[in-house]
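Here is the file my_file.pdb (PDB, C-alpha atoms).
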ATOM      1  CA  MET O 478      83.897 124.499 157.453
ATOM      2  CA  ARG O 479      82.451 127.709 155.951
ATOM      3  CA  ALA O 480      84.219 131.049 156.266
ATOM      4  CA  GLU O 481      81.119 132.606 157.916
ATOM      5  CA  THR O 482      81.326 130.034 160.716
ATOM      6  CA  LEU O 483      84.821 131.249 161.480
ATOM      7  CA  LYS O 484      83.808 134.880 161.691
ATOM      8  CA  GLY O 485      85.510 136.380 164.724
ATOM      9  CA  HIS O 486      88.138 133.648 164.876
ATOM     10  CA  LEU O 487      89.918 134.213 161.576
ATOM     11  CA  ASP O 488      92.505 136.566 163.062
ATOM     12  CA  GLY O 489      93.450 134.055 165.758
ATOM     13  CA  LEU O 490      93.736 131.255 163.214
ATOM     14  CA  LEU O 491      95.953 133.323 160.933
ATOM     15  CA  LEU O 492      98.165 134.402 163.830
ATOM     16  CA  ALA O 493      98.453 130.784 165.010
ATOM     17  CA  SER O 494      99.490 129.659 161.531
ATOM     18  CA  LEU O 495     102.426 132.074 161.699
ATOM     19  CA  GLU O 496     103.534 131.073 165.182
ATOM     20  CA  ASP O 497     106.260 128.681 164.003
ATOM     21  CA  GLY O 498     107.795 131.098 161.504
ATOM     22  CA  PRO O 499     107.177 133.242 158.431
ATOM     23  CA  ARG O 500     104.739 132.050 155.778
ATOM     24  CA  HIS O 501     103.339 133.476 152.555
ATOM     25  CA  GLY O 502      99.608 133.651 151.866
ATOM     26  CA  TYR O 503      99.172 130.293 150.170
ATOM     27  CA  SER O 504     101.368 128.603 152.761
ATOM     28  CA  VAL O 505      99.104 130.003 155.514
ATOM     29  CA  ILE O 506      96.087 128.463 153.799
ATOM     30  CA  GLU O 507      97.857 125.138 153.364
ATOM     31  CA  GLU O 508      98.919 125.143 157.024
ATOM     32  CA  LEU O 509      95.359 125.779 158.232
ATOM     33  CA  ARG O 510      94.090 123.073 155.894
ATOM     34  CA  ALA O 511      96.712 120.574 157.090
ATOM     35  CA  VAL O 512      96.415 121.289 160.826
ATOM     36  CA  SER O 513      92.619 121.061 160.686
ATOM     37  CA  GLY O 514      92.654 117.839 158.687
ATOM     38  CA  GLY O 515      91.057 119.630 155.744
ATOM     39  CA  GLN O 516      88.213 121.099 157.840
ATOM     40  CA  LEU O 517      89.439 124.670 157.403
ATOM     41  CA  ASP O 518      89.351 125.396 153.704
ATOM     42  CA  LEU O 519      89.234 129.167 153.499
ATOM     43  CA  PRO O 520      88.641 131.040 150.241
ATOM     44  CA  THR O 521      92.134 132.049 149.190
ATOM     45  CA  GLY O 522      91.026 135.493 148.102
ATOM     46  CA  THR O 523      89.791 136.427 151.569
ATOM     47  CA  VAL O 524      92.901 135.266 153.439
ATOM     48  CA  TYR O 525      95.183 137.758 151.691
ATOM     49  CA  PRO O 526      93.103 140.832 152.659
ATOM     50  CA  ALA O 527      92.918 139.521 156.224
ATOM     51  CA  LEU O 528      96.716 139.260 156.310
ATOM     52  CA  HIS O 529      96.935 142.864 155.095
ATOM     53  CA  ARG O 530      94.534 143.935 157.840
ATOM     54  CA  LEU O 531      96.658 142.207 160.480
ATOM     55  CA  GLU O 532      99.744 143.907 159.052
ATOM     56  CA  THR O 533      98.092 147.348 159.211
ATOM     57  CA  ALA O 534      97.214 146.571 162.841
ATOM     58  CA  GLY O 535     100.890 145.808 163.517
ATOM     59  CA  LEU O 536     100.234 142.175 164.461
ATOM     60  CA  ILE O 537     102.283 140.752 161.600
ATOM     61  CA  GLN O 538     105.007 142.096 159.362
ATOM     62  CA  GLY O 539     105.369 141.363 155.647
ATOM     63  CA  ARG O 540     108.671 141.055 153.786
ATOM     64  CA  TRP O 541     109.322 140.614 150.070
ATOM     65  CA  SER O 542     111.687 137.978 148.744
ATOM     66  CA  VAL O 543     112.288 136.292 145.397
ATOM     67  CA  VAL O 544     111.489 132.584 145.147
ATOM     68  CA  ALA O 545     111.812 130.674 141.858
ATOM     69  CA  GLY O 546     112.030 133.987 140.024
ATOM     70  CA  ARG O 547     108.761 135.245 141.530
ATOM     71  CA  ARG O 548     108.338 138.048 144.036
ATOM     72  CA  ARG O 549     106.801 136.646 147.192
ATOM     73  CA  ARG O 550     105.534 138.336 150.331
ATOM     74  CA  ALA O 551     105.948 136.354 153.538
ATOM     75  CA  TYR O 552     104.514 137.368 156.897
ATOM     76  CA  GLN O 553     105.790 136.864 160.408
ATOM     77  CA  LEU O 554     104.370 137.588 163.836
ATOM     78  CA  THR O 555     105.404 140.773 165.599
ATOM     79  CA  ALA O 556     105.737 140.985 169.392
ATOM     80  CA  LYS O 557     102.293 142.626 169.437
ATOM     81  CA  GLY O 558     100.973 139.757 167.318
ATOM     82  CA  ARG O 559     102.322 137.157 169.760
ATOM     83  CA  ARG O 560     100.590 138.925 172.636
ATOM     84  CA  ALA O 561      97.355 139.080 170.626
ATOM     85  CA  LEU O 562      97.615 135.355 169.883
ATOM     86  CA  SER O 563      98.045 134.547 173.581
ATOM     87  CA  LYS O 564      94.962 136.613 174.425
ATOM     88  CA  GLU O 565      93.012 134.986 171.607
ATOM     89  CA  ARG O 566      93.943 131.517 172.922
ATOM     90  CA  ALA O 567      92.931 132.357 176.485
ATOM     91  CA  ALA O 568      89.620 133.873 175.331
ATOM     92  CA  TRP O 569      88.881 130.843 173.148
ATOM     93  CA  THR O 570      89.633 128.400 175.985
ATOM     94  CA  ARG O 571      87.203 130.245 178.288
ATOM     95  CA  PHE O 572      84.562 130.516 175.563
ATOM     96  CA  ALA O 573      84.810 126.838 174.597
ATOM     97  CA  ALA O 574      84.607 125.765 178.255
ATOM     98  CA  VAL O 575      81.511 127.879 178.941
ATOM     99  CA  VAL O 576      79.636 126.930 175.773
ATOM    100  CA  GLY O 577      80.667 123.291 176.185
ATOM    101  CA  SER O 578      79.329 123.177 179.733
ATOM    102  CA  VAL O 579      75.978 124.618 178.598
ATOM    103  CA  LEU O 580      75.539 122.510 175.476
ATOM    104  CA  GLU O 581      76.616 119.271 177.107
ATOM    105  CA  GLY O 582      74.930 119.890 180.452
ATOM    106  CA  ARG O 583      78.195 119.657 182.357
ATOM    107  CA  GLN O 584      79.049 121.362 185.633
ATOM    108  CA  PRO O 585      79.605 125.085 185.053
ATOM    109  CA  CYS O 586      83.264 125.947 184.781
ATOM    110  CA  PRO O 587      84.713 128.319 187.382
ATOM    111  CA  ASP O 588      85.058 131.967 186.389
ATOM    112  CA  PRO O 589      88.798 132.682 186.170
ATOM    113  CA  THR O 590      88.171 136.337 187.078
TER     114      THR O 590
ATOM    115  CA  MET R 808     106.048 128.458 133.987
ATOM    116  CA  PRO R 809     103.569 130.720 132.149
ATOM    117  CA  ARG R 810     100.195 131.222 133.795
ATOM    118  CA  PRO R 811      97.095 130.148 131.860
ATOM    119  CA  ASP R 812      94.835 132.771 130.258
ATOM    120  CA  LEU R 813      92.088 132.169 132.833
ATOM    121  CA  ILE R 814      94.394 133.225 135.668
ATOM    122  CA  GLU R 815      95.921 136.075 133.664
ATOM    123  CA  SER R 816      92.497 137.572 132.924
ATOM    124  CA  TYR R 817      91.592 137.254 136.633
ATOM    125  CA  LEU R 818      94.792 139.113 137.573
ATOM    126  CA  THR R 819      94.141 141.744 134.889
ATOM    127  CA  GLU R 820      90.753 142.402 136.454
ATOM    128  CA  LEU R 821      92.368 142.770 139.899
ATOM    129  CA  ALA R 822      95.042 145.092 138.464
ATOM    130  CA  ARG R 823      92.326 147.489 137.285
ATOM    131  CA  HIS R 824      91.343 148.121 140.919
ATOM    132  CA  LEU R 825      94.251 147.177 143.175
ATOM    133  CA  PRO R 826      97.847 148.448 143.415
ATOM    134  CA  PRO R 827     100.657 146.478 141.698
ATOM    135  CA  SER R 828     102.152 145.245 144.987
ATOM    136  CA  ILE R 829      98.927 143.454 145.934
ATOM    137  CA  VAL R 830      98.490 142.021 142.438
ATOM    138  CA  THR R 831     102.099 140.739 142.516
ATOM    139  CA  GLU R 832     101.441 139.032 145.855
ATOM    140  CA  LEU R 833      98.222 137.464 144.586
ATOM    141  CA  ALA R 834      99.914 136.409 141.334
ATOM    142  CA  ASP R 835     102.454 134.459 143.378
ATOM    143  CA  GLY R 836      99.636 132.853 145.357
ATOM    144  CA  PHE R 837      97.832 131.984 142.133
ATOM    145  CA  THR R 838     100.928 130.424 140.579
ATOM    146  CA  GLU R 839     101.554 128.438 143.753
ATOM    147  CA  THR R 840      97.950 127.185 143.821
ATOM    148  CA  TYR R 841      98.053 126.336 140.129
ATOM    149  CA  GLU R 842     101.325 124.420 140.448
ATOM    150  CA  VAL R 843     100.094 122.463 143.468
ATOM    151  CA  HIS R 844      97.082 121.286 141.456
ATOM    152  CA  LEU R 845      99.293 120.396 138.495
ATOM    153  CA  ARG R 846     101.509 118.304 140.801
ATOM    154  CA  ARG R 847      98.377 116.529 142.026
ATOM    155  CA  GLY R 848      97.829 115.372 138.460
ATOM    156  CA  LEU R 849      95.224 117.816 137.161
ATOM    157  CA  SER R 850      95.363 119.119 133.610
ATOM    158  CA  GLY R 851      96.451 122.727 133.085
ATOM    159  CA  GLU R 852      92.894 123.787 132.353
ATOM    160  CA  ASP R 853      91.446 122.089 135.435
ATOM    161  CA  ALA R 854      94.255 123.357 137.668
ATOM    162  CA  ALA R 855      93.594 126.935 136.506
ATOM    163  CA  ARG R 856      89.838 126.556 136.938
ATOM    164  CA  ILE R 857      90.179 125.234 140.484
ATOM    165  CA  ALA R 858      92.760 127.891 141.404
ATOM    166  CA  VAL R 859      90.338 130.606 140.265
ATOM    167  CA  ALA R 860      87.482 128.949 142.176
ATOM    168  CA  GLU R 861      89.608 128.802 145.344
ATOM    169  CA  PHE R 862      90.356 132.520 145.128
ATOM    170  CA  GLY R 863      86.679 133.433 144.797
ATOM    171  CA  GLU R 864      85.042 136.114 142.677
ATOM    172  CA  PRO R 865      87.346 139.024 141.709
ATOM    173  CA  THR R 866      84.725 141.484 142.968
ATOM    174  CA  THR R 867      84.794 139.795 146.397
ATOM    175  CA  VAL R 868      88.587 139.976 146.568
ATOM    176  CA  ILE R 869      88.626 143.625 145.439
ATOM    177  CA  ALA R 870      85.933 144.535 147.980
ATOM    178  CA  ALA R 871      87.789 142.700 150.769
ATOM    179  CA  PHE R 872      91.013 144.582 150.018
ATOM    180  CA  SER R 873      89.140 147.883 149.844
ATOM    181  CA  GLN R 874      87.733 147.217 153.318
ATOM    182  CA  VAL R 875      91.211 146.770 154.814
ATOM    183  CA  ASN R 876      92.798 149.595 152.813
ATOM    184  CA  PRO R 877      95.407 151.306 155.069
ATOM    185  CA  ALA R 878      94.381 154.609 153.462
ATOM    186  CA  ARG R 879      90.974 154.349 155.130
ATOM    187  CA  VAL R 880      92.555 153.590 158.502
ATOM    188  CA  ALA R 881      95.014 156.496 158.151
ATOM    189  CA  ALA R 882      92.260 158.888 157.040
ATOM    190  CA  ARG R 883      90.043 157.941 159.987
ATOM    191  CA  SER R 884      92.916 158.385 162.429
ATOM    192  CA  LEU R 885      93.726 161.836 161.033
ATOM    193  CA  LEU R 886      90.058 162.830 161.131
ATOM    194  CA  LEU R 887      89.853 161.763 164.782
ATOM    195  CA  PHE R 888      93.140 163.420 165.748
ATOM    196  CA  GLY R 889      92.510 166.588 163.695
ATOM    197  CA  PRO R 890      90.047 168.326 166.050
ATOM    198  CA  LEU R 891      92.490 167.945 168.950
ATOM    199  CA  VAL R 892      95.345 169.557 167.002
ATOM    200  CA  GLY R 893      92.972 172.178 165.616
ATOM    201  CA  ALA R 894      91.656 173.053 169.079
ATOM    202  CA  ALA R 895      95.175 173.576 170.433
ATOM    203  CA  TRP R 896      96.100 175.887 167.551
ATOM    204  CA  ALA R 897      92.735 177.675 167.717
ATOM    205  CA  ALA R 898      93.308 178.371 171.415
ATOM    206  CA  LEU R 899      96.675 179.952 170.577
ATOM    207  CA  LEU R 900      95.253 181.972 167.677
ATOM    208  CA  LEU R 901      92.381 183.270 169.817
ATOM    209  CA  THR R 902      94.450 184.131 172.893
ATOM    210  CA  GLN R 903      97.076 185.866 170.734
ATOM    211  CA  GLN R 904      94.460 187.684 168.625
ATOM    212  CA  ALA R 905      95.684 186.183 165.382
ATOM    213  CA  TRP R 906      93.423 188.492 163.362
ATOM    214  CA  THR R 907      95.814 191.332 164.239
ATOM    215  CA  TRP R 908      98.889 189.480 162.919
ATOM    216  CA  PRO R 909     100.598 190.892 159.827
ATOM    217  CA  VAL R 910      99.587 188.028 157.571
ATOM    218  CA  ALA R 911      98.317 188.753 154.049
ATOM    219  CA  ALA R 912      94.647 188.049 153.389
ATOM    220  CA  ALA R 913      95.617 185.815 150.462
ATOM    221  CA  ALA R 914      97.785 183.681 152.749
ATOM    222  CA  ARG R 915      94.932 183.336 155.241
ATOM    223  CA  PHE R 916      92.571 182.355 152.432
ATOM    224  CA  ILE R 917      95.005 179.778 151.002
ATOM    225  CA  PHE R 918      95.558 178.285 154.472
ATOM    226  CA  GLY R 919      91.811 177.981 155.079
ATOM    227  CA  ALA R 920      91.130 176.529 151.641
ATOM    228  CA  ALA R 921      93.951 173.997 152.049
ATOM    229  CA  LEU R 922      92.613 172.967 155.466
ATOM    230  CA  LEU R 923      89.122 172.509 154.043
ATOM    231  CA  THR R 924      90.511 170.518 151.105
ATOM    232  CA  ALA R 925      92.407 168.218 153.479
ATOM    233  CA  ILE R 926      89.244 167.549 155.496
ATOM    234  CA  VAL R 927      87.247 166.790 152.346
ATOM    235  CA  LEU R 928      89.971 164.470 151.012
ATOM    236  CA  LEU R 929      90.276 162.647 154.337
ATOM    237  CA  SER R 930      86.501 162.190 154.533
ATOM    238  CA  ALA R 931      86.471 160.866 150.956
ATOM    239  CA  ALA R 932      89.297 158.430 151.757
ATOM    240  CA  ALA R 933      87.656 157.259 154.987
ATOM    241  CA  LEU R 934      84.393 156.487 153.217
ATOM    242  CA  ALA R 935      85.781 155.300 149.870
ATOM    243  CA  THR R 936      84.843 151.839 148.679
ATOM    244  CA  ARG R 937      87.507 151.786 145.961
ATOM    245  CA  TYR R 938      91.122 151.085 146.853
ATOM    246  CA  ARG R 939      93.138 153.394 144.604
ATOM    247  CA  PRO R 940      90.967 156.540 144.867
ATOM    248  CA  ALA R 941      91.068 156.152 148.663
ATOM    249  CA  ALA R 942      94.867 155.874 148.619
ATOM    250  CA  ARG R 943      95.188 158.913 146.330
ATOM    251  CA  SER R 944      92.873 161.039 148.505
ATOM    252  CA  ALA R 945      94.606 160.021 151.724
ATOM    253  CA  ALA R 946      98.090 160.601 150.258
ATOM    254  CA  ALA R 947      97.141 164.068 149.009
ATOM    255  CA  ALA R 948      95.529 164.912 152.350
ATOM    256  CA  CYS R 949      98.643 163.759 154.241
ATOM    257  CA  GLY R 950     100.779 166.025 152.060
ATOM    258  CA  ILE R 951      98.515 169.022 152.736
ATOM    259  CA  VAL R 952      98.335 168.314 156.475
ATOM    260  CA  VAL R 953     102.128 168.096 156.747
ATOM    261  CA  THR R 954     102.513 171.366 154.809
ATOM    262  CA  LEU R 955      99.959 173.159 157.005
ATOM    263  CA  ASP R 956     101.567 171.878 160.204
ATOM    264  CA  LEU R 957     104.995 172.990 158.975
ATOM    265  CA  CYS R 958     103.578 176.461 158.151
ATOM    266  CA  LEU R 959     102.151 176.813 161.659
ATOM    267  CA  LEU R 960     105.358 175.569 163.281
ATOM    268  CA  GLY R 961     107.468 177.831 161.078
ATOM    269  CA  TYR R 962     105.359 180.899 161.816
ATOM    270  CA  THR R 963     105.268 180.408 165.582
ATOM    271  CA  THR R 964     109.001 179.672 165.691
ATOM    272  CA  THR R 965     110.061 182.690 163.632
ATOM    273  CA  THR R 966     107.734 185.090 165.480
ATOM    274  CA  GLY R 967     108.791 183.942 168.955
ATOM    275  CA  LEU R 968     105.325 182.621 169.796
ATOM    276  CA  LEU R 969     106.532 179.123 170.527
ATOM    277  CA  ASP R 970     107.040 179.940 174.209
ATOM    278  CA  VAL R 971     103.477 181.217 174.621
ATOM    279  CA  TRP R 972     100.996 178.708 176.040
ATOM    280  CA  PRO R 973      99.385 176.638 174.449
ATOM    281  CA  ALA R 974     101.874 176.866 171.547
ATOM    282  CA  PRO R 975     104.142 174.105 172.993
ATOM    283  CA  LEU R 976     101.147 171.756 173.193
ATOM    284  CA  ALA R 977      99.946 172.670 169.694
ATOM    285  CA  ALA R 978     103.478 172.259 168.316
ATOM    286  CA  ALA R 979     103.868 168.856 169.991
ATOM    287  CA  LEU R 980     100.547 167.693 168.538
ATOM    288  CA  SER R 981     101.497 168.981 165.078
ATOM    289  CA  ILE R 982     104.883 167.234 165.223
ATOM    290  CA  THR R 983     103.111 164.002 166.228
ATOM    291  CA  ARG R 984     100.742 164.409 163.285
ATOM    292  CA  ILE R 985     103.603 165.124 160.888
ATOM    293  CA  GLY R 986     105.357 161.952 162.073
ATOM    294  CA  PHE R 987     102.162 159.920 161.687
ATOM    295  CA  SER R 988     101.548 161.280 158.180
ATOM    296  CA  LEU R 989     105.115 160.849 156.939
ATOM    297  CA  LYS R 990     105.262 157.300 158.281
ATOM    298  CA  ARG R 991     102.159 156.339 156.300
ATOM    299  CA  LEU R 992     102.821 158.346 153.159
ATOM    300  CA  PRO R 993     105.072 155.763 151.405
ATOM    301  CA  GLN R 994     102.469 153.038 151.937
ATOM    302  CA  LEU R 995      99.693 155.333 150.686
ATOM    303  CA  LEU R 996     101.688 156.256 147.580
ATOM    304  CA  THR R 997     102.282 152.556 146.891
ATOM    305  CA  GLY R 998      98.521 152.073 146.991
ATOM    306  CA  CYS R 999      97.905 154.752 144.361
TER     307      CYS R 999
END

This structure in structure tokens:
Amino acid sequence: MRAETLKGHLDGLLLASLEDGPRHGYSVIEELRAVSGGQLDLPTGTVYPALHRLETAGLIQGRWSVVAGRRRRAYQLTAKGRRALSKERAAWTRFAAVVGSVLEGRQPCPDPT
Amino acid sequence: MPRPDLIESYLTELARHLPPSIVTELADGFTETYEVHLRRGLSGEDAARIAVAEFGEPTTVIAAFSQVNPARVAARSLLLFGPLVGAAWAALLLTQQAWTWPVAAAARFIFGAALLTAIVLLSAAALATRYRPAARSAAAACGIVVTLDLCLLGYTTTTGLLDVWPAPLAAALSITRIGFSLKRLPQLLTGC
């Protein structure tokens, strides 16, 4: 799946990958790759800037550690990030239901509002 | 395990544009990627080539980091917040006829020039497409803004003007701005 296709959903995916605990950049990419069965294969160089953007927004927090003699920065969700992830999930569920009903000619889904 | 020349030259290119902390983080990611491919049975040369391909073009990575530069975010916030703080102080200066205050003309000129410089630096940082120049501009502007706010607070406190409305509002806004600037300054300096 191409990165452009994911435009608008990258933040949610990155936040979801950190839901179970802290991860460093490459581990985030590996997690997304594994969970999606290899469908999500994001360019490594664009994931790191996105993580920095989420950190500036206060959604995740980075911490340095030393692993195998190398300095490594791992990220974890903040409370604000968990709330953002919940909102992202709810918005995606509504979006997928609406688009699915249109594309597949199903009964329209009820408006939760 | 030493990194191959292909990866080292990629990191050298990044280091020309990005701060050391980001390059260190990416170097770890590169080494991890490289080692994963080695464990999958690729030769050193192929593992390095694929790791570089997975990261994408250095120019793309540099541009992506420049877009999310915290210096740009901080500069935009200060530019948005600045008119509010300025309006509160201007209201005090006008109502108290600041032009009659016993302040040397040179001091007034220096204050005005510093304020103008801060605005120019913040605008440059907000619009900058290069990471380090943006961080330098924003850091310098933060330093100037904090100094100017402290001058205003010091003057109003020592002259007994702090009780005169809207000085409390202006002081509160300045203190908020000082806190904002000082909180971001270490990160901005790291980005220089």

Return as a ChimeraX atom specification the residues belonging to chain O that are within 7 Å of chain R, counting all atoms listed in the file.
-> /O:502-503,520-523,526,529-530,533,547-550

For the file shown, what are the residues hit by the PyMOL selection byres ((chain R and resi 855) around 7), laid out as a ChimeraX atom specification?
-> /R:811,813-814,841,851-854,856-859

Can I get the selected residues back with C-alpha atoms, as an mmCIF file, keeping the file's coordinate frame?
data_model
loop_
_atom_site.group_PDB
_atom_site.id
_atom_site.type_symbol
_atom_site.label_atom_id
_atom_site.label_comp_id
_atom_site.auth_asym_id
_atom_site.auth_seq_id
_atom_site.Cartn_x
_atom_site.Cartn_y
_atom_site.Cartn_z
ATOM 1 C CA PRO R 811 97.095 130.148 131.860
ATOM 2 C CA LEU R 813 92.088 132.169 132.833
ATOM 3 C CA ILE R 814 94.394 133.225 135.668
ATOM 4 C CA TYR R 841 98.053 126.336 140.129
ATOM 5 C CA GLY R 851 96.451 122.727 133.085
ATOM 6 C CA GLU R 852 92.894 123.787 132.353
ATOM 7 C CA ASP R 853 91.446 122.089 135.435
ATOM 8 C CA ALA R 854 94.255 123.357 137.668
ATOM 9 C CA ARG R 856 89.838 126.556 136.938
ATOM 10 C CA ILE R 857 90.179 125.234 140.484
ATOM 11 C CA ALA R 858 92.760 127.891 141.404
ATOM 12 C CA VAL R 859 90.338 130.606 140.265
#

Can you work out the spacing between CA of Thr997 in chain R and CA of Val524 in chain O in Å, to one decimal?
->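 So the answer is 20.7 Å.
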
Hey, what comes out of the PyMOL selection byres ((chain O and resi 495) around 12) on this file? Could you write it as an MDAnalysis selection string?
-> chainID O and resid 488:494 496:502 504:509 528 531 536:539 551:555 558:559 562

What separation in Å, quoted to one decimal, exists between CA of Ala948 in chain R and CA of Leu929 in chain R?
->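 Interatomic distance here is 6.1 Å.
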
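All residues of protein, DNA or RNA that reach within 12 Å of Pro975 in chain R, judged by only C-alpha atoms and not counting those fewer than 5 positions away in the chain, are Val892, Ala895, Trp896, Ala898, Leu899, Leu959, Leu960, Thr963, Thr964, Gly967, Leu968, Leu969, Asp970, Leu980, Ser981 and Ile982 of chain R.
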
Go ahead and save the residues from that selection, with C-alpha atoms, as a CSV table (one decimal), keeping the file's coordinate frame.
chain,number,residue,atom,x,y,z
R,892,VAL,CA,95.3,169.6,167.0
R,895,ALA,CA,95.2,173.6,170.4
R,896,TRP,CA,96.1,175.9,167.6
R,898,ALA,CA,93.3,178.4,171.4
R,899,LEU,CA,96.7,180.0,170.6
R,959,LEU,CA,102.2,176.8,161.7
R,960,LEU,CA,105.4,175.6,163.3
R,963,THR,CA,105.3,180.4,165.6
R,964,THR,CA,109.0,179.7,165.7
R,967,GLY,CA,108.8,183.9,169.0
R,968,LEU,CA,105.3,182.6,169.8
R,969,LEU,CA,106.5,179.1,170.5
R,970,ASP,CA,107.0,179.9,174.2
R,980,LEU,CA,100.5,167.7,168.5
R,981,SER,CA,101.5,169.0,165.1
R,982,ILE,CA,104.9,167.2,165.2

What lies within 12 Å of Lys990 in chain R using only C-alpha atoms, ignoring chain neighbours under 2 positions off, as a list in words?
->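 The residues satisfying every condition are Pro877, Ala881, Ala946, Cys949, Gly950, Val953, Thr983, Arg984, Ile985, Gly986, Phe987, Ser988, Leu992, Pro993, Gln994, Leu995 and Leu996 of chain R.
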
For CA of Asp956 in chain R and CA of Pro909 in chain R, quote the distance in Å rounded to one decimal.
->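 Going from CA of Asp956 in chain R over to CA of Pro909 in chain R covers 19.0 Å.
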
Using the chain letters and numbers from the file, which residues does the PyMOL selection byres ((chain O and resi 518) around 8) grab, as a ChimeraX atom specification?
-> /O:478-479,506,509-510,515-517,519-520

Using all atoms listed in the file, give me every residue within 10 Å of (100.8, 177.4, 148.5) in file coordinates, as a list in words.
->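 Residues with an atom close enough to that point: Ala914, Ile917, Phe918, Ala921, Ile951, Thr954 and Leu955 of chain R.
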
From the list R:Pro809, R:Leu901, R:Ser884, R:Arg879, which residue is nearest Ala931 in chain R when using all atoms listed in the file?
->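 Once distances to Ala931 in chain R are computed over all atoms listed in the file, the minimum belongs to R:Arg879.
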